[in-house]
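With mmCIF, C-alpha atoms (C1' of nucleotides) inside, this is query-v7.cif:
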data_final
#
loop_
_atom_site.label_atom_id
_atom_site.label_comp_id
_atom_site.auth_asym_id
_atom_site.auth_seq_id
_atom_site.Cartn_x
_atom_site.Cartn_y
_atom_site.Cartn_z
CA MET A 1 30.66 35.03 23.04
CA PRO A 2 33.92 36.10 21.57
CA GLU A 3 35.67 32.96 20.35
CA LEU A 4 38.37 32.65 17.71
CA PRO A 5 36.31 33.99 14.74
CA GLU A 6 34.91 36.93 16.71
CA VAL A 7 38.31 37.94 18.08
CA GLU A 8 39.86 37.47 14.63
CA THR A 9 37.25 39.82 13.15
CA ILE A 10 38.02 42.48 15.73
CA LYS A 11 41.73 41.98 15.13
CA GLN A 12 41.25 42.67 11.42
CA ASP A 13 39.17 45.77 12.18
CA LEU A 14 41.65 47.17 14.68
CA SER A 15 44.57 46.55 12.33
CA ARG A 16 42.87 48.79 9.81
CA LEU A 17 41.56 51.41 12.24
CA ILE A 18 44.07 52.09 14.99
CA VAL A 19 47.55 50.91 13.97
CA GLY A 20 49.85 53.93 13.77
CA LYS A 21 47.82 55.98 16.24
CA ARG A 22 49.32 57.39 19.40
CA ILE A 23 47.74 56.84 22.80
CA VAL A 24 47.19 60.20 24.47
CA ASP A 25 45.07 59.18 27.47
CA ILE A 26 43.27 56.31 29.13
CA THR A 27 40.33 56.52 31.51
CA THR A 28 38.19 53.98 33.35
CA ASP A 29 35.32 53.60 35.76
CA SER A 30 36.21 49.95 36.36
CA PRO A 31 39.88 49.86 37.38
CA LYS A 32 39.71 46.22 38.49
CA GLN A 33 39.56 45.23 34.83
CA VAL A 34 42.88 46.95 34.09
CA ARG A 35 45.96 45.05 35.27
CA PRO A 36 48.38 44.98 36.99
CA SER A 37 46.83 48.29 38.08
CA PHE A 38 45.24 51.18 36.28
CA ASN A 39 47.99 53.63 37.26
CA VAL A 40 50.79 51.34 36.11
CA VAL A 41 49.05 50.79 32.80
CA LYS A 42 48.35 54.47 32.30
CA LYS A 43 51.96 55.39 32.94
CA ALA A 44 53.17 52.77 30.47
CA VAL A 45 50.81 53.37 27.57
CA VAL A 46 50.29 57.12 27.36
CA GLY A 47 52.59 58.48 24.67
CA ALA A 48 53.15 55.12 23.02
CA THR A 49 52.15 54.34 19.46
CA ILE A 50 50.18 51.28 18.39
CA ARG A 51 52.43 49.21 16.14
CA LYS A 52 50.59 45.96 15.48
CA ILE A 53 47.55 43.92 16.49
CA LYS A 54 47.68 40.16 16.82
CA ARG A 55 45.33 37.45 17.99
CA ARG A 56 46.29 34.38 20.01
CA ALA A 57 43.45 32.06 21.00
CA LYS A 58 40.67 34.36 22.26
CA LEU A 59 43.17 37.05 23.23
CA LEU A 60 43.92 40.26 21.40
CA MET A 61 47.46 41.59 21.65
CA ILE A 62 48.09 45.27 21.04
CA PHE A 63 51.82 45.84 20.46
CA LEU A 64 53.13 49.26 21.46
CA SER A 65 56.13 51.25 20.30
CA ASN A 66 57.73 51.03 23.75
CA GLY A 67 57.95 47.24 23.61
CA LYS A 68 55.01 46.65 25.93
CA ILE A 69 51.89 44.75 24.98
CA LEU A 70 48.28 45.27 25.95
CA ALA A 71 46.55 41.89 26.11
CA VAL A 72 42.76 42.04 25.99
CA HIS A 73 40.36 39.23 26.90
CA LEU A 74 36.70 39.87 26.12
CA LYS A 75 35.42 36.85 28.07
CA LEU A 76 31.63 36.62 27.66
CA THR A 77 30.33 40.08 26.93
CA GLY A 78 33.33 42.25 26.06
CA ARG A 79 33.46 44.60 23.10
CA LEU A 80 36.21 46.75 21.63
CA LEU A 81 34.68 49.66 19.76
CA VAL A 82 36.44 52.34 17.74
CA ARG A 83 34.54 55.61 17.92
CA LYS A 84 35.22 59.20 17.00
CA LYS A 85 35.92 61.50 19.88
CA GLY A 86 32.69 62.98 21.21
CA GLU A 87 30.42 60.21 19.96
CA LYS A 88 27.67 59.11 22.32
CA ARG A 89 28.80 56.97 25.21
CA ASP A 90 28.40 53.25 24.53
CA ASP A 91 26.53 50.78 26.70
CA TRP A 92 28.72 49.34 29.46
CA GLN A 93 31.66 51.50 28.46
CA HIS A 94 34.35 50.94 31.09
CA VAL A 95 37.77 51.75 29.66
CA VAL A 96 38.51 54.41 27.05
CA ILE A 97 41.85 54.64 25.27
CA LYS A 98 42.11 58.02 23.52
CA LEU A 99 44.03 58.08 20.26
CA LYS A 100 45.48 60.69 17.97
CA ASN A 101 46.73 60.34 14.46
CA ILE A 102 50.47 60.82 14.63
CA LYS A 103 50.89 62.55 11.28
CA THR A 104 47.92 64.87 10.81
CA LYS A 105 47.79 67.93 12.95
CA LYS A 106 44.57 69.70 13.59
CA GLN A 107 41.90 67.47 12.15
CA LYS A 108 39.55 67.00 15.07
CA ASN A 109 37.71 64.15 13.42
CA ARG A 110 40.89 62.14 13.36
CA GLU A 111 40.77 61.81 17.11
CA LEU A 112 39.51 58.36 17.97
CA GLU A 113 38.63 56.39 21.06
CA LEU A 114 39.12 52.69 21.57
CA ARG A 115 36.34 51.78 23.99
CA PHE A 116 36.35 48.61 26.04
CA CYS A 117 32.74 47.81 26.91
CA ASP A 118 31.68 44.83 28.98
CA MET A 119 28.26 44.15 30.46
CA ARG A 120 29.34 41.46 32.89
CA ARG A 121 32.80 42.87 33.54
CA PHE A 122 34.58 39.52 33.35
CA GLY A 123 36.90 40.81 30.64
CA TRP A 124 40.23 42.47 31.24
CA ILE A 125 43.06 44.51 29.76
CA LYS A 126 46.51 43.53 30.93
CA LEU A 127 49.86 45.17 30.36
CA ILE A 128 52.45 42.48 29.71
CA SER A 129 56.09 42.20 28.68
CA ASN A 130 57.48 40.00 25.94
CA ASP A 131 58.48 37.46 28.59
CA GLU A 132 54.97 37.32 29.95
CA LEU A 133 53.64 36.99 26.43
CA ARG A 134 55.90 33.98 25.91
CA ILE A 135 54.60 32.42 29.12
CA MET A 136 50.97 32.97 28.12
CA ASN A 137 51.74 31.51 24.74
CA ASN A 138 53.25 28.38 26.23
CA GLU A 139 50.24 27.82 28.45
CA LEU A 140 47.90 27.84 25.47
CA GLY A 141 47.28 24.88 23.19
CA VAL A 142 47.83 24.65 19.46
CA GLU A 143 46.19 27.34 17.35
CA PRO A 144 43.64 26.01 14.85
CA LEU A 145 43.88 27.29 11.25
CA THR A 146 47.67 27.29 11.43
CA LYS A 147 50.13 24.87 9.90
CA GLU A 148 51.04 23.65 13.38
CA PHE A 149 47.52 22.26 13.75
CA THR A 150 47.91 19.09 11.73
CA ILE A 151 45.63 16.08 11.72
CA ASP A 152 48.36 14.10 13.48
CA ARG A 153 48.67 16.73 16.18
CA PHE A 154 44.88 16.74 16.59
CA ARG A 155 44.69 12.96 16.88
CA GLN A 156 47.48 13.03 19.42
CA VAL A 157 45.56 15.53 21.56
CA LEU A 158 42.42 13.37 21.41
CA SER A 159 44.27 10.16 22.18
CA LYS A 160 45.65 11.43 25.47
CA THR A 161 42.43 11.62 27.43
CA SER A 162 39.14 9.90 28.04
CA ARG A 163 37.34 13.15 28.78
CA ALA A 164 34.35 13.99 26.60
CA VAL A 165 35.50 15.14 23.17
CA LYS A 166 33.58 18.41 23.47
CA ILE A 167 35.35 19.25 26.73
CA VAL A 168 38.69 18.66 25.00
CA LEU A 169 37.76 20.90 22.06
CA ILE A 170 37.12 23.87 24.33
CA ASP A 171 40.07 23.19 26.65
CA GLN A 172 42.36 26.13 25.90
CA LYS A 173 45.42 24.24 27.12
CA LYS A 174 44.88 21.57 24.46
CA ILE A 175 43.53 23.53 21.48
CA SER A 176 43.07 27.26 21.75
CA GLY A 177 40.35 29.59 20.54
CA ILE A 178 37.40 27.22 20.29
CA GLY A 179 34.44 27.95 22.54
CA ASN A 180 30.94 26.64 23.01
CA ILE A 181 29.39 27.77 19.72
CA TYR A 182 31.96 26.36 17.31
CA ALA A 183 32.59 23.19 19.34
CA ASN A 184 28.89 22.31 19.20
CA ASP A 185 28.59 23.04 15.51
CA ALA A 186 31.79 21.21 14.53
CA LEU A 187 30.69 18.07 16.36
CA ASN A 188 27.36 18.15 14.55
CA LEU A 189 29.03 18.61 11.18
CA ALA A 190 31.35 15.69 11.95
CA LYS A 191 28.45 13.58 13.32
CA ILE A 192 30.11 12.83 16.63
CA ASN A 193 28.40 12.78 20.00
CA PRO A 194 29.79 15.50 22.27
CA ARG A 195 29.99 13.03 25.19
CA ARG A 196 32.18 10.56 23.35
CA PRO A 197 35.44 9.96 25.18
CA ALA A 198 38.12 11.73 23.16
CA ASN A 199 40.31 8.64 22.97
CA LYS A 200 37.42 6.64 21.50
CA VAL A 201 37.11 8.92 18.48
CA THR A 202 38.14 6.81 15.48
CA LYS A 203 40.68 7.86 12.88
CA GLU A 204 37.94 8.54 10.33
CA GLU A 205 35.92 10.55 12.82
CA ALA A 206 38.97 12.55 13.85
CA LYS A 207 39.53 13.44 10.21
CA ARG A 208 35.92 14.56 9.87
CA LEU A 209 36.12 16.60 13.06
CA TYR A 210 39.37 18.20 11.98
CA LYS A 211 37.79 19.28 8.70
CA ALA A 212 34.60 20.35 10.47
CA LEU A 213 36.56 22.55 12.85
CA GLU A 214 38.29 24.25 9.98
CA ARG A 215 35.00 24.71 8.18
CA VAL A 216 33.01 26.20 11.07
CA LEU A 217 35.83 28.47 12.21
CA LYS A 218 36.34 29.77 8.67
CA ALA A 219 32.58 30.24 8.27
CA GLY A 220 32.58 32.17 11.55
CA ILE A 221 35.30 34.48 10.24
CA LYS A 222 33.59 34.83 6.86
CA TYR A 223 30.34 35.91 8.51
CA ARG A 224 32.26 38.20 10.89
CA GLY A 225 31.37 36.29 14.02
CA ALA A 226 28.23 35.25 15.85
CA SER A 227 26.20 37.95 17.57
CA ASP A 228 23.72 36.63 20.07
CA GLN A 229 23.25 39.39 22.57
CA TYR A 230 26.52 41.08 23.00
CA TYR A 231 29.12 40.49 20.34
CA LEU A 232 29.85 43.42 18.01
CA ASP A 233 32.80 44.10 15.72
CA ALA A 234 35.04 47.13 16.24
CA LEU A 235 32.63 49.39 14.36
CA GLY A 236 29.66 48.23 16.40
CA HIS A 237 28.15 45.98 13.73
CA LYS A 238 26.70 42.55 14.43
CA GLY A 239 28.16 39.42 12.90
CA LYS A 240 26.02 37.03 10.87
CA TYR A 241 27.20 33.55 11.81
CA GLN A 242 24.20 33.19 14.16
CA ASP A 243 22.07 32.86 11.00
CA HIS A 244 24.13 29.77 10.15
CA PHE A 245 24.21 27.92 13.48
CA LEU A 246 23.96 24.17 12.92
CA VAL A 247 22.92 23.16 16.43
CA TYR A 248 23.94 25.90 18.82
CA GLN A 249 20.82 27.48 20.36
CA ARG A 250 18.63 25.35 18.07
CA GLU A 251 17.09 23.05 20.68
CA GLY A 252 13.88 21.47 19.37
CA LYS A 253 14.67 22.38 15.76
CA ARG A 254 15.61 20.07 12.89
CA CYS A 255 19.12 18.81 12.31
CA PHE A 256 20.45 19.83 8.90
CA ASN A 257 22.26 16.50 8.57
CA CYS A 258 19.37 14.13 9.15
CA GLY A 259 16.23 16.01 10.14
CA GLY A 260 16.40 14.71 13.72
CA GLU A 261 15.40 16.86 16.66
CA ILE A 262 18.20 18.82 18.27
CA ARG A 263 18.52 18.31 22.00
CA ARG A 264 20.30 20.09 24.76
CA LEU A 265 22.28 18.69 27.66
CA LYS A 266 24.77 19.90 30.21
CA LEU A 267 28.39 18.94 29.75
CA GLY A 268 31.10 20.32 31.98
CA GLY A 269 28.51 22.75 33.31
CA ARG A 270 27.81 24.22 29.88
CA GLY A 271 24.89 24.06 27.52
CA THR A 272 25.57 21.49 24.81
CA PHE A 273 23.47 21.13 21.66
CA TYR A 274 23.49 18.06 19.47
CA CYS A 275 21.41 15.75 17.33
CA PRO A 276 20.99 12.36 19.05
CA ALA A 277 19.94 10.77 15.75
CA CYS A 278 23.12 11.34 13.77
CA GLN A 279 25.73 12.21 16.41
CA ARG A 280 26.69 8.89 17.94
"C1'" DC B 281 44.71 12.96 36.70
"C1'" DA B 282 39.49 14.19 36.34
"C1'" DA B 283 35.11 15.93 37.90
"C1'" DT B 284 32.52 19.36 40.36
"C1'" DC B 285 31.65 23.73 41.94
"C1'" DA B 286 32.02 28.48 43.52
"C1'" DA B 287 33.59 32.85 42.20
"C1'" DC B 288 34.05 36.74 39.14
"C1'" DC B 289 29.49 40.06 37.29
"C1'" DT B 290 25.08 41.88 35.17
"C1'" DG B 291 20.75 41.73 32.83
"C1'" DG B 292 16.97 39.09 31.01
"C1'" DG B 293 13.52 35.87 31.92
"C1'" DT B 294 10.25 33.38 34.97
"C1'" DG B 295 7.15 32.43 38.65
"C1'" DC B 296 4.75 33.99 42.67
"C1'" DT C 297 4.77 46.31 40.16
"C1'" DG C 298 8.05 44.02 43.01
"C1'" DC C 299 10.96 40.44 44.39
"C1'" DA C 300 13.39 36.13 44.66
"C1'" DC C 301 15.40 33.13 41.82
"C1'" DC C 302 17.78 30.96 37.89
"C1'" DC C 303 20.49 31.15 33.80
"C1'" DA C 304 23.89 32.63 30.28
"C1'" DG C 305 29.47 30.59 29.75
"C1'" DG C 306 35.29 31.98 29.64
"C1'" DT C 307 38.51 31.22 33.05
"C1'" DT C 308 40.66 30.38 37.55
"C1'" DG C 309 41.19 28.06 41.66
"C1'" DA C 310 39.65 25.14 45.54
"C1'" DT C 311 37.94 20.72 46.83
"C1'" DT C 312 36.84 15.92 46.41
#

How does this structure look as structure tokens?
Amino acid sequence: MPELPEVETIKQDLSRLIVGKRIVDITTDSPKQVRPSFNVVKKAVVGATIRKIKRRAKLLMIFLSNGKILAVHLKLTGRLLVRKKGEKRDDWQHVVIKLKNIKTKKQKNRELELRFCDMRRFGWIKLISNDELRIMNNELGVEPLTKEFTIDRFRQVLSKTSRAVKIVLIDQKKISGIGNIYANDALNLAKINPRRPANKVTKEEAKRLYKALERVLKAGIKYRGASDQYYLDALGHKGKYQDHFLVYQREGKRCFNCGGEIRRLKLGGRGTFYCPACQR
DNA sequence: CAATCAACCTGGGTGC
DNA sequence: TGCACCCAGGTTGATT
């Protein structure tokens, strides 16, 4: 599932592959995923040049030369693939943004396609203005791995609620970008039970969790994301963080901290993996 | 405010 | 082989 490290990996790929290219066409067989409407988006983006790619939380922002922004959310099964024109259609390919290199003239192999693929079709591409970007930004919580995310800020977030600490970690309005995989693994690394009320996490534990979050998110980026079934980077390659999962999807296996047996429970409707022996 | 749940979708797995 | 069913989990929105 594309969380912060997966989206960051794609952001790095796209920055290298498509910045400076001009959008010459866009097509879709799933117009509901293009907002506010496919025709409005098409009118706005064709002819524009891609200036910059940014990530905010689990969102990718594609900045265009005309001042507009394409925000992309991959949700559970979205992919953004860069392919050469004419390459074989990808699985679940639903939106194609056709690109041309602005400087070179007749090199056919310079024509690229940015393909939005999405098995479950929960993802979306949305044309937004700078004002709308500001609003989205304000609705999202603090971004981990930035200087704004201090230990004090983290402790303040935790202190404000008695909800389970794992629920708070994945609440995008509190802290943004963390999803199920990295929340589970960070709690294991910090040896904290996912059901612990956030405001009962001690100062020492909060410090451990803060460091654990940084460590698992950076590991996720280093290994170019976690590919279970669907996640691929922009060139269609799998990530490798799944080979380093601490507890996620490791029910019944041994905890790397203490050798205990990893269990699974439901928390906030989602699968939660933890080691009952060392996460208290 | 918090908890629960349906909805948005599709494919993989299971049991009959 | 077919079919009904459940499950995966990011996000929104309705309900309790």

Practice item. Mind giving me the straight-line distance from atom CA of A:Leu114 to atom CA of A:Ile175 in Å, one decimal? Key: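 So the answer is 29.5 Å.
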
Practice item. Report as number ranges by chain the set of chain B residues whose atoms approach chain A to within 9 Å, with distances computed over all atoms listed in the file. Key: B: 282-284, 288-291

Practice item. Could you tell me which residues the PyMOL selection byres ((chain A) within 7 of (chain C)) returns for this structure, as a list in words? Key: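 Selected by the PyMOL selection byres ((chain A) within 7 of (chain C)) in this file: Lys75, Leu76 and Arg270 of chain A.
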
Exercise for review: Just give me the gap between atom CA of A:Gln33 and atom CA of A:Lys68 in Å, one decimal is fine.
Suggested key: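 Result for atom CA of A:Gln33 versus atom CA of A:Lys68: 17.9 Å, one decimal.
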
Check your understanding: Could you name the residues that touch A:Gln249 at 9 Å or less, counting only C-alpha atoms (C1' of nucleotides), but leaving out those on the same chain fewer than 4 positions away, as an NGL selection string?
Key -> :A and (181 or 245 or 264 or 271-273)

Review point. If we count all atoms listed in the file, what is near A:Gln279 at a cut-off of 6 Å, once residues fewer than 5 positions away on the same chain are taken out, given as a list in words?
Key: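 My list of contacting residues is Lys191, Ile192 and Asn193 of chain A.
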
Atoms kept (C-alpha atoms) for selection, written as an mmCIF file, in the coordinates of the input:
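That gives us again_12.cif:
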data_model
loop_
_atom_site.group_PDB
_atom_site.id
_atom_site.type_symbol
_atom_site.label_atom_id
_atom_site.label_comp_id
_atom_site.auth_asym_id
_atom_site.auth_seq_id
_atom_site.Cartn_x
_atom_site.Cartn_y
_atom_site.Cartn_z
ATOM 1 C CA LYS A 191 28.450 13.580 13.320
ATOM 2 C CA ILE A 192 30.110 12.830 16.630
ATOM 3 C CA ASN A 193 28.400 12.780 20.000
#

Practice item. Could you jot down the atom C1' of B:DG292 to atom CA of A:Pro276 separation for me, Å, one decimal place? Key: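 Computing the Euclidean distance for atom C1' of B:DG292 and atom CA of A:Pro276 yields 29.6 Å.
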
Check your understanding: Applied to this file, what does the PyMOL selection byres ((chain A and resi 24) around 10) return in terms of residues, put as a ChimeraX atom specification?
Key -> /A:21-23,25-26,42,45-49,97-100,111,113

Keeping only C-alpha atoms, write the selected residues as a compact mmCIF listing (two decimals), keeping the file's coordinate frame.
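Generated file (result_15.txt):
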# COMPACT_ATOMS: atom_id res chain seq x y z
CA LYS A 21 47.82 55.98 16.24
CA ARG A 22 49.32 57.39 19.40
CA ILE A 23 47.74 56.84 22.80
CA ASP A 25 45.07 59.18 27.47
CA ILE A 26 43.27 56.31 29.13
CA LYS A 42 48.35 54.47 32.30
CA VAL A 45 50.81 53.37 27.57
CA VAL A 46 50.29 57.12 27.36
CA GLY A 47 52.59 58.48 24.67
CA ALA A 48 53.15 55.12 23.02
CA THR A 49 52.15 54.34 19.46
CA ILE A 97 41.85 54.64 25.27
CA LYS A 98 42.11 58.02 23.52
CA LEU A 99 44.03 58.08 20.26
CA LYS A 100 45.48 60.69 17.97
CA GLU A 111 40.77 61.81 17.11
CA GLU A 113 38.63 56.39 21.06

List the residues matched by the PyMOL selection byres ((chain A and resi 244) around 9) in the displayed structure as a short mmCIF file (atom, residue, chain, number, x, y, z; two decimals) with C-alpha atoms, in the frame of the given file, ordered by chain and then by residue number.
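Dumped everything to selection-v3.cif:
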data_model
loop_
_atom_site.label_atom_id
_atom_site.label_comp_id
_atom_site.auth_asym_id
_atom_site.auth_seq_id
_atom_site.Cartn_x
_atom_site.Cartn_y
_atom_site.Cartn_z
CA ALA A 219 32.58 30.24 8.27
CA GLY A 220 32.58 32.17 11.55
CA TYR A 223 30.34 35.91 8.51
CA ALA A 226 28.23 35.25 15.85
CA LYS A 240 26.02 37.03 10.87
CA TYR A 241 27.20 33.55 11.81
CA GLN A 242 24.20 33.19 14.16
CA ASP A 243 22.07 32.86 11.00
CA PHE A 245 24.21 27.92 13.48
CA LEU A 246 23.96 24.17 12.92
#
